[in-house]
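Step one of this worksheet: look at the structure below.
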Amino acid sequence: MIVDVNTAVGRWPFCEAQSVTPPRLSSLLARAGVDLALTSSLEAIFHEDPDEDNRRLFRQLRGHKRLLPVPVINPRLADWRASVARWARKGTAVKILPSYHAYSLAGTDVDGLAAELARRRLPLLVQIRMEDERVQAPALRVPPVPVADVVALAGRFPHLSIVALGTYSREVVDLLRQSPRVWADVSFLDGMDAVGVLVRKHRAFAKRLLLGSHSPLFYAQSAVLKVQTAEVTSVVRRGILGGNARTMLGL
Amino acid sequence: MIIDIHAHFPWGDYSHLEDVDVYLRRARRFHVDRLCLSGNVAGYGFNPTARQVREVNRWTLHCMARHPEAVIGLCFINPAVGADAACREIDWAITRNGFRGIKLWVAVNCRSRKLDPVMTEAAERGVPVLQHSSYNTLGPAAPNESTPADVAELASRFPSVPLIMAHVGHARVQGLTEIAPHRNVLVDTAGSQPARGILEEAVRRLGAGRVVFGTDLPIRDYASTLGRLYEAPFTDRQRRLILGQNAARLLRLESP
C-alpha cells in the first residue's frame, strides 16, 4: 500500500494549475499509484482561523476513501483546544504551518498543542515550506521553518511524533540525526537518486523517511518515482512508500 | 529516444571519471538514451580562466570517449576570457573533438557584446547554445546571472542561433512571455522542484516544439523531471517532441 503523507485540496492563490478539488486530487494520486493520502486544506494556510476550512475539508472528503482529512490548527488562537477536540478525534494527525500563521517553534506558542497531541498520541505534521523560496511570488515571501526549531521542539516533547514536510536533504540529515521521533517526507528531496543517497549514507533514516508528494503543488508521480527508483533494498523501498507511515500513524 | 540536454559532470561527490558510469546507469534506469554533458561549470568559480575552461571541457571529452554511444559534449565557454581564446576553445571542442553545442553560464550576462564572437561561431557552425537563466526571488545567484529578458535580447541579435534557455522552473510566466516572440529560443525542463503548472504554461505559450527535456543532473534527478512530463496533460506527440525529437533536431542527430 502506498501512503502519501503530504497532499492538499483547495485553491492555491498563486497558480490555478495547483488548485484542485477532492475528486481531481484523488484521480491524480490514483494515477501515481497512491492508495491513501493525508490531505489538508490549502485555504487553511491563509486564514487566521482555519476552523471553517477544516469543517469544509472533513465534509468534502466524505466518500473519498483515498483521502484522509488532516486538520490545520493555529495554536496562537486561544481556542485551539476546542479545534483539536473537534477535529483530532476524527483525524490521524494534525498539521501546523508556523511560517504562514506567523509564530515560531522556538517560542512557547506551540508547546500546549504539542503536549496535547503527545497525550492523544497524534502525530504533528510541521510544514517546513510550501515552495522553493527562489520561485515564490516576489511580494509574498514566506521563510521556511528553521529545522533547528523542530529539533528543539522534539527535545522538549520526546514522546511526540513529528513529521517534517518539505525539507531539503541537508535539513533531513540535521533533523533525523538529532531527533529520534522525527520523520521527514521526500517531497523536496532532489538530486540524483536523492533517496538512495540519503539512505546509503544514513541507514538509520530508512524507517523515518515517508512518501510525501506535496500534490497538487508538485506532481505526485515525481515523488512516487523518486522512491520507486531509489537504489535501496525492496524492504526499505516498501517502508518509505507506505510501511513507515502506516507504523507511525498506527493505520 | 530520450535526450537529456542538460547535465553536469564531474559534480560534487561524482568526481572520478568512472563516476560517469553512475550517471549512465541512472539514465538507463529511466530509458534516457543520450546525455548532454557540459562539465563542472562551477568548478572554478564564476569566472574561470581559459586554461580552467579547457580543463572543464577535457573532462567532458573523456566522458565522450568512455561512452561514445551515450554522451554528447556541450562545450563550456567563458566569453570573458576574450574573443580569441573563446573561439579557439570552440574550434578545439567542436571542430576537432565532436562537441555538438555550446554552454554559457554566469561569467558574463548574455546581453554583453562579449558574447558576439561566441554567437557568431555558433551561427556559422549551426550549433545550439545552452544559456543559464533564472528569475530568482532571493536575488541573482551571481552578479552577471542572465534572466529570460536577457536571453530574449540575445536571441533578437542572433536570430539564426538556436538558444536553449535553461530552467523552465525558474522562468516564471513573465520569462516565458519574454522569450515567446523569439522563435529561436527554446526552454529546457530543468529548474527548481517539480512544481505543477509552469511546464504546461511553457507548452501553451511556446508550443511543444520549443521545449526540450533537460534535468541539470546530478543537481536534479530523472524521477522529478520525468515525473513532471508523465503527469502533465500532454499528448504523446508533445511528449515525444519534448523528450527527444526537438533535441535531436538541434543536435543534428538521427531523428528518433
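Just remember, in the C-alpha cells the first chain shown is A, the second B, etc., residues are 1-based per chain, and ligands are 1-based in the order shown.
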Skipping near chain neighbours, those fewer than 5 positions away, what residues fall within 8 Å of segment 125-133 of chain B using only C-alpha atoms, listed as a compact mmCIF listing (two decimals) with N, CA and C atoms, in the first residue's frame?
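Below is the file that was written, out_10.txt:
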# COMPACT_ATOMS: atom_id res chain seq x y z
N ARG B 100 28.85 19.09 -29.70
CA ARG B 100 27.73 19.45 -30.58
C ARG B 100 26.99 20.72 -30.18
N GLY B 101 27.48 21.41 -29.18
CA GLY B 101 26.83 22.65 -28.77
C GLY B 101 27.70 23.41 -27.80
N ILE B 102 27.19 24.56 -27.39
CA ILE B 102 27.95 25.46 -26.50
C ILE B 102 27.12 25.70 -25.24
N LYS B 103 27.81 25.74 -24.10
CA LYS B 103 27.14 26.02 -22.83
C LYS B 103 27.69 27.32 -22.25
N LEU B 104 26.80 28.24 -21.93
CA LEU B 104 27.20 29.50 -21.29
C LEU B 104 26.58 29.57 -19.91
N TRP B 105 27.36 30.04 -18.94
CA TRP B 105 26.86 30.08 -17.55
C TRP B 105 26.76 31.54 -17.09
N VAL B 106 27.45 31.92 -16.04
CA VAL B 106 27.18 33.22 -15.43
C VAL B 106 28.36 34.19 -15.42
N GLU B 145 24.41 37.00 -13.60
CA GLU B 145 23.44 35.97 -13.99
C GLU B 145 22.42 36.53 -14.99
N SER B 146 22.12 35.76 -16.01
CA SER B 146 21.17 36.20 -17.03
C SER B 146 19.74 35.82 -16.66
N THR B 147 18.81 36.66 -17.06
CA THR B 147 17.39 36.39 -16.86
C THR B 147 16.77 36.06 -18.23
N PRO B 148 15.54 35.58 -18.22
CA PRO B 148 14.87 35.36 -19.51
C PRO B 148 14.82 36.62 -20.38
N VAL B 151 18.02 36.77 -22.14
CA VAL B 151 18.06 35.76 -23.19
C VAL B 151 17.29 36.24 -24.41
N VAL B 161 20.64 31.58 -34.38
CA VAL B 161 21.25 30.62 -33.45
C VAL B 161 20.17 30.02 -32.55
N PRO B 162 20.05 28.69 -32.55
CA PRO B 162 19.11 28.08 -31.60
C PRO B 162 19.62 28.27 -30.17
N LEU B 163 18.81 28.94 -29.37
CA LEU B 163 19.19 29.23 -27.98
C LEU B 163 18.31 28.40 -27.06
N ILE B 164 18.92 27.60 -26.21
CA ILE B 164 18.13 26.85 -25.23
C ILE B 164 18.27 27.59 -23.91
N MET B 165 17.17 28.13 -23.44
CA MET B 165 17.17 28.81 -22.14
C MET B 165 17.00 27.75 -21.05
N ALA B 166 17.97 27.66 -20.16
CA ALA B 166 17.91 26.63 -19.12
C ALA B 166 16.86 26.98 -18.07
N HIS B 167 16.28 25.95 -17.48
CA HIS B 167 15.47 26.07 -16.26
C HIS B 167 14.08 26.67 -16.46
N HIS B 170 12.61 28.10 -13.32
CA HIS B 170 12.98 29.44 -12.83
C HIS B 170 12.60 30.53 -13.83
N ALA B 171 11.76 30.18 -14.79
CA ALA B 171 11.47 31.16 -15.85
C ALA B 171 10.35 32.13 -15.46
N LEU B 250 18.05 19.81 -33.00
CA LEU B 250 19.04 20.84 -32.68
C LEU B 250 20.47 20.30 -32.75
N LEU B 251 20.63 19.06 -32.28
CA LEU B 251 21.97 18.48 -32.20
C LEU B 251 22.37 17.75 -33.48
Next item on the list: Extract, using only C-alpha atoms, all DNA, RNA and protein residues at most 12 Å from Arg62 of chain A, discarding same-chain residues fewer than 5 positions from it, and format them as number ranges by chain.
Entry: A: 22-23, 55-57, 67-69, 90
Exercise: Val135 of chain A partners within 10 Å, only C-alpha atoms, chain neighbours under 3 positions left out, as a PDB file with all heavy atoms, in the first residue's frame:
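Result saved to part28.pdb:
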ATOM      1  N   GLU A 131       7.009  26.167  -0.770  1.00  0.00           N
ATOM      2  CA  GLU A 131       7.600  26.420  -2.093  1.00  0.00           C
ATOM      3  C   GLU A 131       9.117  26.563  -1.976  1.00  0.00           C
ATOM      4  O   GLU A 131       9.628  26.917  -0.906  1.00  0.00           O
ATOM      5  CB  GLU A 131       7.074  27.740  -2.672  1.00  0.00           C
ATOM      6  CG  GLU A 131       5.585  27.810  -2.881  1.00  0.00           C
ATOM      7  CD  GLU A 131       5.165  29.213  -3.279  1.00  0.00           C
ATOM      8  OE1 GLU A 131       5.259  30.133  -2.442  1.00  0.00           O
ATOM      9  OE2 GLU A 131       4.770  29.391  -4.436  1.00  0.00           O
ATOM     10  N   ASP A 132       9.798  26.335  -3.060  1.00  0.00           N
ATOM     11  CA  ASP A 132      11.199  26.733  -3.199  1.00  0.00           C
ATOM     12  C   ASP A 132      11.211  28.258  -3.043  1.00  0.00           C
ATOM     13  O   ASP A 132      10.548  28.978  -3.809  1.00  0.00           O
ATOM     14  CB  ASP A 132      11.663  26.304  -4.601  1.00  0.00           C
ATOM     15  CG  ASP A 132      13.098  26.716  -4.917  1.00  0.00           C
ATOM     16  OD1 ASP A 132      13.650  27.573  -4.212  1.00  0.00           O
ATOM     17  OD2 ASP A 132      13.644  26.177  -5.899  1.00  0.00           O
ATOM     18  N   PRO A 138       7.396  37.426  -5.706  1.00  0.00           N
ATOM     19  CA  PRO A 138       8.367  38.360  -5.115  1.00  0.00           C
ATOM     20  C   PRO A 138       7.809  39.197  -3.967  1.00  0.00           C
ATOM     21  O   PRO A 138       8.532  39.510  -3.022  1.00  0.00           O
ATOM     22  CB  PRO A 138       8.758  39.240  -6.309  1.00  0.00           C
ATOM     23  CG  PRO A 138       8.535  38.369  -7.500  1.00  0.00           C
ATOM     24  CD  PRO A 138       7.338  37.525  -7.160  1.00  0.00           C
ATOM     25  N   ARG A 141       6.877  36.723   0.150  1.00  0.00           N
ATOM     26  CA  ARG A 141       7.896  35.739   0.509  1.00  0.00           C
ATOM     27  C   ARG A 141       7.639  35.198   1.910  1.00  0.00           C
ATOM     28  O   ARG A 141       7.451  35.962   2.851  1.00  0.00           O
ATOM     29  CB  ARG A 141       9.276  36.380   0.432  1.00  0.00           C
ATOM     30  CG  ARG A 141       9.643  36.754  -0.990  1.00  0.00           C
ATOM     31  CD  ARG A 141      10.828  37.710  -1.052  1.00  0.00           C
ATOM     32  NE  ARG A 141      11.998  37.173  -0.384  1.00  0.00           N
ATOM     33  CZ  ARG A 141      13.186  37.781  -0.374  1.00  0.00           C
ATOM     34  NH1 ARG A 141      13.329  38.920  -1.008  1.00  0.00           N
ATOM     35  NH2 ARG A 141      14.200  37.244   0.261  1.00  0.00           N
TER      36      ARG A 141
ATOM     37  N   SER B 134      17.695  32.538 -15.067  1.00  0.00           N
ATOM     38  CA  SER B 134      16.861  32.382 -13.873  1.00  0.00           C
ATOM     39  C   SER B 134      16.243  33.699 -13.459  1.00  0.00           C
ATOM     40  O   SER B 134      16.904  34.744 -13.514  1.00  0.00           O
ATOM     41  CB  SER B 134      17.721  31.848 -12.717  1.00  0.00           C
ATOM     42  OG  SER B 134      16.994  31.826 -11.516  1.00  0.00           O
ATOM     43  N   TYR B 135      14.987  33.636 -13.054  1.00  0.00           N
ATOM     44  CA  TYR B 135      14.420  34.689 -12.219  1.00  0.00           C
ATOM     45  C   TYR B 135      14.406  34.137 -10.805  1.00  0.00           C
ATOM     46  O   TYR B 135      13.816  33.082 -10.558  1.00  0.00           O
ATOM     47  CB  TYR B 135      12.992  35.037 -12.653  1.00  0.00           C
ATOM     48  CG  TYR B 135      12.942  36.037 -13.784  1.00  0.00           C
ATOM     49  CD1 TYR B 135      12.178  35.794 -14.917  1.00  0.00           C
ATOM     50  CD2 TYR B 135      13.652  37.230 -13.708  1.00  0.00           C
ATOM     51  CE1 TYR B 135      12.137  36.712 -15.962  1.00  0.00           C
ATOM     52  CE2 TYR B 135      13.615  38.150 -14.743  1.00  0.00           C
ATOM     53  CZ  TYR B 135      12.855  37.888 -15.858  1.00  0.00           C
ATOM     54  OH  TYR B 135      12.825  38.800 -16.879  1.00  0.00           O
ATOM     55  N   ASN B 136      15.071  34.811  -9.901  1.00  0.00           N
ATOM     56  CA  ASN B 136      15.240  34.304  -8.543  1.00  0.00           C
ATOM     57  C   ASN B 136      14.707  35.340  -7.566  1.00  0.00           C
ATOM     58  O   ASN B 136      15.228  36.459  -7.483  1.00  0.00           O
ATOM     59  CB  ASN B 136      16.734  34.030  -8.290  1.00  0.00           C
ATOM     60  CG  ASN B 136      16.980  33.352  -6.964  1.00  0.00           C
ATOM     61  OD1 ASN B 136      16.200  33.484  -6.027  1.00  0.00           O
ATOM     62  ND2 ASN B 136      18.078  32.631  -6.876  1.00  0.00           N
ATOM     63  N   THR B 137      13.676  34.960  -6.834  1.00  0.00           N
ATOM     64  CA  THR B 137      13.055  35.873  -5.872  1.00  0.00           C
ATOM     65  C   THR B 137      14.057  36.340  -4.820  1.00  0.00           C
ATOM     66  O   THR B 137      13.936  37.449  -4.292  1.00  0.00           O
ATOM     67  CB  THR B 137      11.868  35.159  -5.186  1.00  0.00           C
ATOM     68  OG1 THR B 137      10.933  34.786  -6.199  1.00  0.00           O
ATOM     69  CG2 THR B 137      11.180  36.050  -4.188  1.00  0.00           C
ATOM     70  N   LEU B 138      15.048  35.516  -4.521  1.00  0.00           N
ATOM     71  CA  LEU B 138      16.030  35.865  -3.498  1.00  0.00           C
ATOM     72  C   LEU B 138      17.155  36.742  -4.048  1.00  0.00           C
ATOM     73  O   LEU B 138      18.041  37.150  -3.310  1.00  0.00           O
ATOM     74  CB  LEU B 138      16.626  34.596  -2.886  1.00  0.00           C
ATOM     75  CG  LEU B 138      15.626  33.625  -2.253  1.00  0.00           C
ATOM     76  CD1 LEU B 138      16.338  32.402  -1.697  1.00  0.00           C
ATOM     77  CD2 LEU B 138      14.818  34.313  -1.162  1.00  0.00           C
ATOM     78  N   GLY B 169      11.798  25.893 -14.679  1.00  0.00           N
ATOM     79  CA  GLY B 169      11.352  26.044 -13.290  1.00  0.00           C
ATOM     80  C   GLY B 169      11.710  27.381 -12.682  1.00  0.00           C
ATOM     81  O   GLY B 169      11.181  27.747 -11.630  1.00  0.00           O
ATOM     82  N   HIS B 170      12.607  28.103 -13.322  1.00  0.00           N
ATOM     83  CA  HIS B 170      12.976  29.436 -12.825  1.00  0.00           C
ATOM     84  C   HIS B 170      12.598  30.527 -13.834  1.00  0.00           C
ATOM     85  O   HIS B 170      13.093  31.647 -13.740  1.00  0.00           O
ATOM     86  CB  HIS B 170      14.482  29.506 -12.562  1.00  0.00           C
ATOM     87  CG  HIS B 170      14.928  28.680 -11.402  1.00  0.00           C
ATOM     88  ND1 HIS B 170      14.621  29.006 -10.104  1.00  0.00           N
ATOM     89  CD2 HIS B 170      15.625  27.524 -11.338  1.00  0.00           C
ATOM     90  CE1 HIS B 170      15.128  28.097  -9.284  1.00  0.00           C
ATOM     91  NE2 HIS B 170      15.729  27.177 -10.014  1.00  0.00           N
ATOM     92  N   ALA B 171      11.764  30.185 -14.789  1.00  0.00           N
ATOM     93  CA  ALA B 171      11.466  31.160 -15.851  1.00  0.00           C
ATOM     94  C   ALA B 171      10.354  32.129 -15.462  1.00  0.00           C
ATOM     95  O   ALA B 171      10.332  33.266 -15.915  1.00  0.00           O
ATOM     96  CB  ALA B 171      11.077  30.431 -17.128  1.00  0.00           C
ATOM     97  N   ARG B 172       9.431  31.658 -14.607  1.00  0.00           N
ATOM     98  CA  ARG B 172       8.196  32.396 -14.332  1.00  0.00           C
ATOM     99  C   ARG B 172       7.419  32.590 -15.645  1.00  0.00           C
ATOM    100  O   ARG B 172       7.995  32.552 -16.730  1.00  0.00           O
ATOM    101  CB  ARG B 172       8.443  33.786 -13.728  1.00  0.00           C
ATOM    102  CG  ARG B 172       9.164  33.798 -12.413  1.00  0.00           C
ATOM    103  CD  ARG B 172       9.129  35.181 -11.806  1.00  0.00           C
ATOM    104  NE  ARG B 172       9.748  35.188 -10.501  1.00  0.00           N
ATOM    105  CZ  ARG B 172       9.157  34.695  -9.408  1.00  0.00           C
ATOM    106  NH1 ARG B 172       7.951  34.202  -9.467  1.00  0.00           N
ATOM    107  NH2 ARG B 172       9.791  34.714  -8.258  1.00  0.00           N
ATOM    108  N   GLY B 191      15.187  22.917 -13.464  1.00  0.00           N
ATOM    109  CA  GLY B 191      14.985  24.055 -12.581  1.00  0.00           C
ATOM    110  C   GLY B 191      14.001  23.844 -11.471  1.00  0.00           C
ATOM    111  O   GLY B 191      12.857  23.492 -11.694  1.00  0.00           O
ATOM    112  N   SER B 192      14.482  24.039 -10.262  1.00  0.00           N
ATOM    113  CA  SER B 192      13.654  24.025  -9.057  1.00  0.00           C
ATOM    114  C   SER B 192      12.964  22.682  -8.843  1.00  0.00           C
ATOM    115  O   SER B 192      13.376  21.657  -9.383  1.00  0.00           O
ATOM    116  CB  SER B 192      12.627  25.161  -9.093  1.00  0.00           C
ATOM    117  OG  SER B 192      11.984  25.285  -7.831  1.00  0.00           O
ATOM    118  N   GLN B 193      11.942  22.699  -8.030  1.00  0.00           N
ATOM    119  CA  GLN B 193      11.202  21.499  -7.661  1.00  0.00           C
ATOM    120  C   GLN B 193      10.182  21.160  -8.763  1.00  0.00           C
ATOM    121  O   GLN B 193       9.899  21.990  -9.628  1.00  0.00           O
ATOM    122  CB  GLN B 193      10.473  21.760  -6.338  1.00  0.00           C
ATOM    123  CG  GLN B 193      11.411  22.013  -5.176  1.00  0.00           C
ATOM    124  CD  GLN B 193      12.156  20.769  -4.743  1.00  0.00           C
ATOM    125  OE1 GLN B 193      11.699  19.657  -4.965  1.00  0.00           O
ATOM    126  NE2 GLN B 193      13.309  20.948  -4.129  1.00  0.00           N
ATOM    127  N   ALA B 195       7.271  21.584  -9.568  1.00  0.00           N
ATOM    128  CA  ALA B 195       6.043  22.350  -9.312  1.00  0.00           C
ATOM    129  C   ALA B 195       5.118  22.275 -10.527  1.00  0.00           C
ATOM    130  O   ALA B 195       5.544  22.520 -11.659  1.00  0.00           O
ATOM    131  CB  ALA B 195       6.390  23.794  -8.988  1.00  0.00           C
TER     132      ALA B 195
END
Notebook entry, point to check: For Leu165 of chain A, which residue among A:Val182, A:Ala137, A:Ile73, A:Leu61 is the nearest when counting only C-alpha atoms?
Noted result: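 Ranking A:Val182, A:Ala137, A:Ile73, A:Leu61 by distance to Leu165 of chain A, first place goes to A:Val182.
With only C-alpha atoms taken into account, chain A has Cys15, Glu16, Ala17, Gln18, Asp132, Glu133, Arg134, Val135, Gln136, Ala137, Pro138, Phe188, Asp190, Gly191, Met192, Asp193, Ala194, Pro216, Leu217, Phe218, Tyr219, Ala220, Gln221, Ser222, Ala223, Leu225, Lys226 and Thr229 of chain A at most 8 Å from chain B.
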Quick one: residues within 7 Å of segment 124-127 of chain A, only C-alpha atoms counted, chain neighbours fewer than 5 positions away excluded, as a PDB file with all heavy atoms, in the first residue's frame?
ATOM      1  N   ALA A  93      -3.829  12.815  12.337  1.00  0.00           N
ATOM      2  CA  ALA A  93      -2.697  13.695  12.618  1.00  0.00           C
ATOM      3  C   ALA A  93      -3.209  15.134  12.605  1.00  0.00           C
ATOM      4  O   ALA A  93      -4.358  15.390  12.232  1.00  0.00           O
ATOM      5  CB  ALA A  93      -1.608  13.524  11.565  1.00  0.00           C
ATOM      6  N   VAL A  94      -2.343  16.046  13.011  1.00  0.00           N
ATOM      7  CA  VAL A  94      -2.664  17.477  12.982  1.00  0.00           C
ATOM      8  C   VAL A  94      -1.524  18.180  12.270  1.00  0.00           C
ATOM      9  O   VAL A  94      -0.357  17.817  12.426  1.00  0.00           O
ATOM     10  CB  VAL A  94      -2.822  18.018  14.427  1.00  0.00           C
ATOM     11  CG1 VAL A  94      -2.657  19.522  14.482  1.00  0.00           C
ATOM     12  CG2 VAL A  94      -4.162  17.590  15.012  1.00  0.00           C
ATOM     13  N   LYS A  95      -1.883  19.172  11.448  1.00  0.00           N
ATOM     14  CA  LYS A  95      -0.841  19.894  10.709  1.00  0.00           C
ATOM     15  C   LYS A  95      -0.736  21.331  11.210  1.00  0.00           C
ATOM     16  O   LYS A  95      -1.748  21.962  11.513  1.00  0.00           O
ATOM     17  CB  LYS A  95      -1.162  19.908   9.210  1.00  0.00           C
ATOM     18  CG  LYS A  95      -0.063  20.543   8.350  1.00  0.00           C
ATOM     19  CD  LYS A  95      -0.435  20.604   6.877  1.00  0.00           C
ATOM     20  CE  LYS A  95      -0.171  19.296   6.174  1.00  0.00           C
ATOM     21  NZ  LYS A  95      -0.292  19.405   4.696  1.00  0.00           N
ATOM     22  N   ILE A  96       0.500  21.819  11.299  1.00  0.00           N
ATOM     23  CA  ILE A  96       0.710  23.242  11.594  1.00  0.00           C
ATOM     24  C   ILE A  96       1.608  23.855  10.525  1.00  0.00           C
ATOM     25  O   ILE A  96       2.426  23.166   9.903  1.00  0.00           O
ATOM     26  CB  ILE A  96       1.325  23.479  12.998  1.00  0.00           C
ATOM     27  CG1 ILE A  96       2.667  22.756  13.140  1.00  0.00           C
ATOM     28  CG2 ILE A  96       0.352  23.046  14.085  1.00  0.00           C
ATOM     29  CD1 ILE A  96       3.408  23.111  14.431  1.00  0.00           C
ATOM     30  N   LEU A  97       1.419  25.183  10.323  1.00  0.00           N
ATOM     31  CA  LEU A  97       2.220  25.931   9.346  1.00  0.00           C
ATOM     32  C   LEU A  97       2.747  27.191  10.026  1.00  0.00           C
ATOM     33  O   LEU A  97       2.223  28.302   9.810  1.00  0.00           O
ATOM     34  CB  LEU A  97       1.380  26.292   8.119  1.00  0.00           C
ATOM     35  CG  LEU A  97       0.853  25.077   7.344  1.00  0.00           C
ATOM     36  CD1 LEU A  97      -0.619  24.866   7.600  1.00  0.00           C
ATOM     37  CD2 LEU A  97       1.139  25.227   5.868  1.00  0.00           C
ATOM     38  N   SER A 161       5.329  12.403  18.204  1.00  0.00           N
ATOM     39  CA  SER A 161       5.804  12.059  16.858  1.00  0.00           C
ATOM     40  C   SER A 161       5.648  13.281  15.965  1.00  0.00           C
ATOM     41  O   SER A 161       4.550  13.837  15.850  1.00  0.00           O
ATOM     42  CB  SER A 161       4.980  10.900  16.274  1.00  0.00           C
ATOM     43  OG  SER A 161       5.120   9.754  17.083  1.00  0.00           O
ATOM     44  N   ILE A 162       6.745  13.678  15.342  1.00  0.00           N
ATOM     45  CA  ILE A 162       6.735  14.873  14.485  1.00  0.00           C
ATOM     46  C   ILE A 162       7.126  14.463  13.068  1.00  0.00           C
ATOM     47  O   ILE A 162       8.089  13.720  12.873  1.00  0.00           O
ATOM     48  CB  ILE A 162       7.731  15.932  15.001  1.00  0.00           C
ATOM     49  CG1 ILE A 162       7.338  16.382  16.415  1.00  0.00           C
ATOM     50  CG2 ILE A 162       7.810  17.126  14.052  1.00  0.00           C
ATOM     51  CD1 ILE A 162       8.348  17.330  17.059  1.00  0.00           C
ATOM     52  N   VAL A 163       6.367  14.962  12.093  1.00  0.00           N
ATOM     53  CA  VAL A 163       6.703  14.728  10.687  1.00  0.00           C
ATOM     54  C   VAL A 163       7.012  16.082  10.047  1.00  0.00           C
ATOM     55  O   VAL A 163       6.155  16.965  10.031  1.00  0.00           O
ATOM     56  CB  VAL A 163       5.548  14.048   9.924  1.00  0.00           C
ATOM     57  CG1 VAL A 163       5.967  13.781   8.475  1.00  0.00           C
ATOM     58  CG2 VAL A 163       5.133  12.752  10.604  1.00  0.00           C
ATOM     59  N   ALA A 164       8.226  16.220   9.553  1.00  0.00           N
ATOM     60  CA  ALA A 164       8.616  17.455   8.873  1.00  0.00           C
ATOM     61  C   ALA A 164       8.326  17.304   7.382  1.00  0.00           C
ATOM     62  O   ALA A 164       8.825  16.380   6.734  1.00  0.00           O
ATOM     63  CB  ALA A 164      10.099  17.725   9.095  1.00  0.00           C
ATOM     64  N   LEU A 165       7.524  18.219   6.856  1.00  0.00           N
ATOM     65  CA  LEU A 165       7.126  18.162   5.441  1.00  0.00           C
ATOM     66  C   LEU A 165       7.854  19.259   4.666  1.00  0.00           C
ATOM     67  O   LEU A 165       7.820  20.425   5.069  1.00  0.00           O
ATOM     68  CB  LEU A 165       5.621  18.362   5.296  1.00  0.00           C
ATOM     69  CG  LEU A 165       4.719  17.406   6.084  1.00  0.00           C
ATOM     70  CD1 LEU A 165       3.248  17.818   5.937  1.00  0.00           C
ATOM     71  CD2 LEU A 165       4.911  15.972   5.625  1.00  0.00           C
ATOM     72  N   GLY A 166       8.492  18.881   3.563  1.00  0.00           N
ATOM     73  CA  GLY A 166       9.108  19.901   2.709  1.00  0.00           C
ATOM     74  C   GLY A 166      10.524  20.258   3.108  1.00  0.00           C
ATOM     75  O   GLY A 166      10.909  21.425   3.050  1.00  0.00           O
TER      76      GLY A 166
END
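Neighbours of Arg121 of chain A closer than or equal to 9 Å, with only C-alpha atoms counted and sequence neighbours fewer than 3 positions away skipped, come out as Glu116, Leu117, Ala118, His159, Leu160 and Ser161 of chain A.
For the pair atom CA of Pro180 of chain A and atom CA of Val199 of chain A, the separation is 15.5 Å.
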